[in-house]
Amino acid sequence: MSNNNDYQDNSFNLYQAYSYTLLLQVEKKSFSYAVVYKNRLLVSAQNCDLTELADPRQLSELLSATYKKVIIGLPATGLTLIPVSLFSEEHTADFARFLDVKADEKVLVQSLDDQNMIIYKTGDALISAVDRFNLNNSVYAAKGWIKAIAKSGPPNNNLYIEVGESTLQFLNFSSGNLRFYNIFEFKSADELAYFAAFVTEELNLMPLDTTLVLSGDISNGDKNMTRLAEFFPKVELNNLQVLELPGQLAGHKLLGLASLSLCGSSEGY
């Protein structure tokens, strides 16, 4: 993940932290953070060493400040979606059996949107890293991203892709309702193109009629974008903006992190 979205506004003052919101987006080996006041980005940094989250040194003052709100986006090593109409908390353990939970993993259950619950597992090490911020302040990492896109009125033939440091997230809607969401691990532009083609075929979408809308660690003209364009004639960067950003920042790179601001705290079970 690139670092060209590291930013600090001149008005940022940690003595005012009690009126700020801290956003933390955790990945397997790194994390990103942002500090927000109302709807304006004050600070952001990406690709930070995960050890700094568990035992902060350079970021000690920033991470130990008392914020008005903290929202933590946690990743999944496995997940399943359950319609709200079929979900009951007492059967969580039954649903979790589909995830093959290991001894060093924890299962979390939250609402993903109005129609779906998400049951997902994540590593104990990541849970420990954010425990000091209160796990009740955590949401599934992609919840904000999904919510932001849902609010934009997504067309049925748009396939949304969030490119992470080692993962791809795919999202599609039908008549405004979540139709498909999944995560794949990837290592190359070829794998990105393969999974895009695979998901498109699974959804019975035609590549010529499908628009790929990209966010995360991707840029116009890079190898990932170029490879996708060989198979899909309509490839574009996601121009959604959920926070007020300075002009020098690439909004699509910050979308996943910034969208956490749309999520409330204390959403877990």
# chains A, B, ... in the order shown; residues from 1 in each chain; ligands from 1
$ residues_around --residues "A:Leu214" --least-positions-apart "3" --cutoff "7 Å" --atoms "only C-alpha atoms" --output "VMD selection string"
chain A and resid 160 to 162 236 to 238
$ select_by_dssp --residues "stretch 55-237 of chain A" --states "helix (DSSP H, G or I)" --output "ChimeraX atom specification"
/A:60-64,84-86,89-99,124-133,135-137,143-151,189-202,223-229
$ atom_distance --atom1 "atom CA of A:Gln169" --atom2 "atom CA of A:Pro155"
17.7 Å
$ residues_around --residues "A:Leu86" --least-positions-apart "4" --cutoff "12 Å" --atoms "only C-alpha atoms" --output "ChimeraX atom specification"
/A:81-82,90-92,95,115-117
$ closest_residue --among "A:Gln110, A:Ser166, A:Ser19, A:Asn157" --to "A:Lys143" --atoms "only C-alpha atoms"
A:Gln110
$ select_by_dssp --residues "stretch 72-267 of chain A" --states "strand (DSSP E or B)" --output "JSON, numbers by chain"
{"A": [72, 73, 74, 78, 79, 80, 81, 82, 83, 105, 106, 107, 108, 109, 110, 111, 116, 117, 118, 119, 120, 121, 122, 123, 138, 139, 140, 158, 159, 160, 161, 162, 163, 167, 168, 169, 170, 171, 172, 173, 174, 177, 178, 179, 180, 181, 182, 183, 184, 185, 211, 212, 213, 214, 215, 216, 234, 235, 236, 237, 244]}
$ residues_around --residues "A:Gly153" --least-positions-apart "5" --cutoff "10 Å" --atoms "only C-alpha atoms" --output "mmCIF file with N, CA, C and O atoms, in the first residue's frame"
data_model
loop_
_atom_site.group_PDB
_atom_site.id
_atom_site.type_symbol
_atom_site.label_atom_id
_atom_site.label_comp_id
_atom_site.auth_asym_id
_atom_site.auth_seq_id
_atom_site.Cartn_x
_atom_site.Cartn_y
_atom_site.Cartn_z
ATOM 1 N N ALA A 148 -21.286 3.125 2.249
ATOM 2 C CA ALA A 148 -21.100 4.304 1.403
ATOM 3 C C ALA A 148 -21.572 4.040 -0.024
ATOM 4 O O ALA A 148 -22.240 4.876 -0.645
ATOM 5 N N PHE A 173 -24.536 -4.936 -6.237
ATOM 6 C CA PHE A 173 -25.889 -4.710 -5.750
ATOM 7 C C PHE A 173 -26.902 -5.031 -6.845
ATOM 8 O O PHE A 173 -26.601 -4.944 -8.036
ATOM 9 N N SER A 175 -30.879 -3.861 -7.592
ATOM 10 C CA SER A 175 -32.002 -2.996 -7.176
ATOM 11 C C SER A 175 -31.747 -2.350 -5.824
ATOM 12 O O SER A 175 -32.649 -2.225 -4.987
ATOM 13 N N GLY A 176 -30.509 -1.965 -5.600
ATOM 14 C CA GLY A 176 -30.145 -1.285 -4.369
ATOM 15 C C GLY A 176 -29.864 -2.178 -3.190
ATOM 16 O O GLY A 176 -29.459 -1.692 -2.132
ATOM 17 N N ASN A 177 -30.070 -3.485 -3.343
ATOM 18 C CA ASN A 177 -29.826 -4.428 -2.248
ATOM 19 C C ASN A 177 -28.527 -5.192 -2.482
ATOM 20 O O ASN A 177 -28.163 -5.499 -3.628
#
$ residues_around --residues "A:Lys121" --least-positions-apart "3" --cutoff "6 Å" --atoms "only C-alpha atoms" --output "list in words"
Ala76, Thr77, Gly78, Lys106 and Val107 of chain A
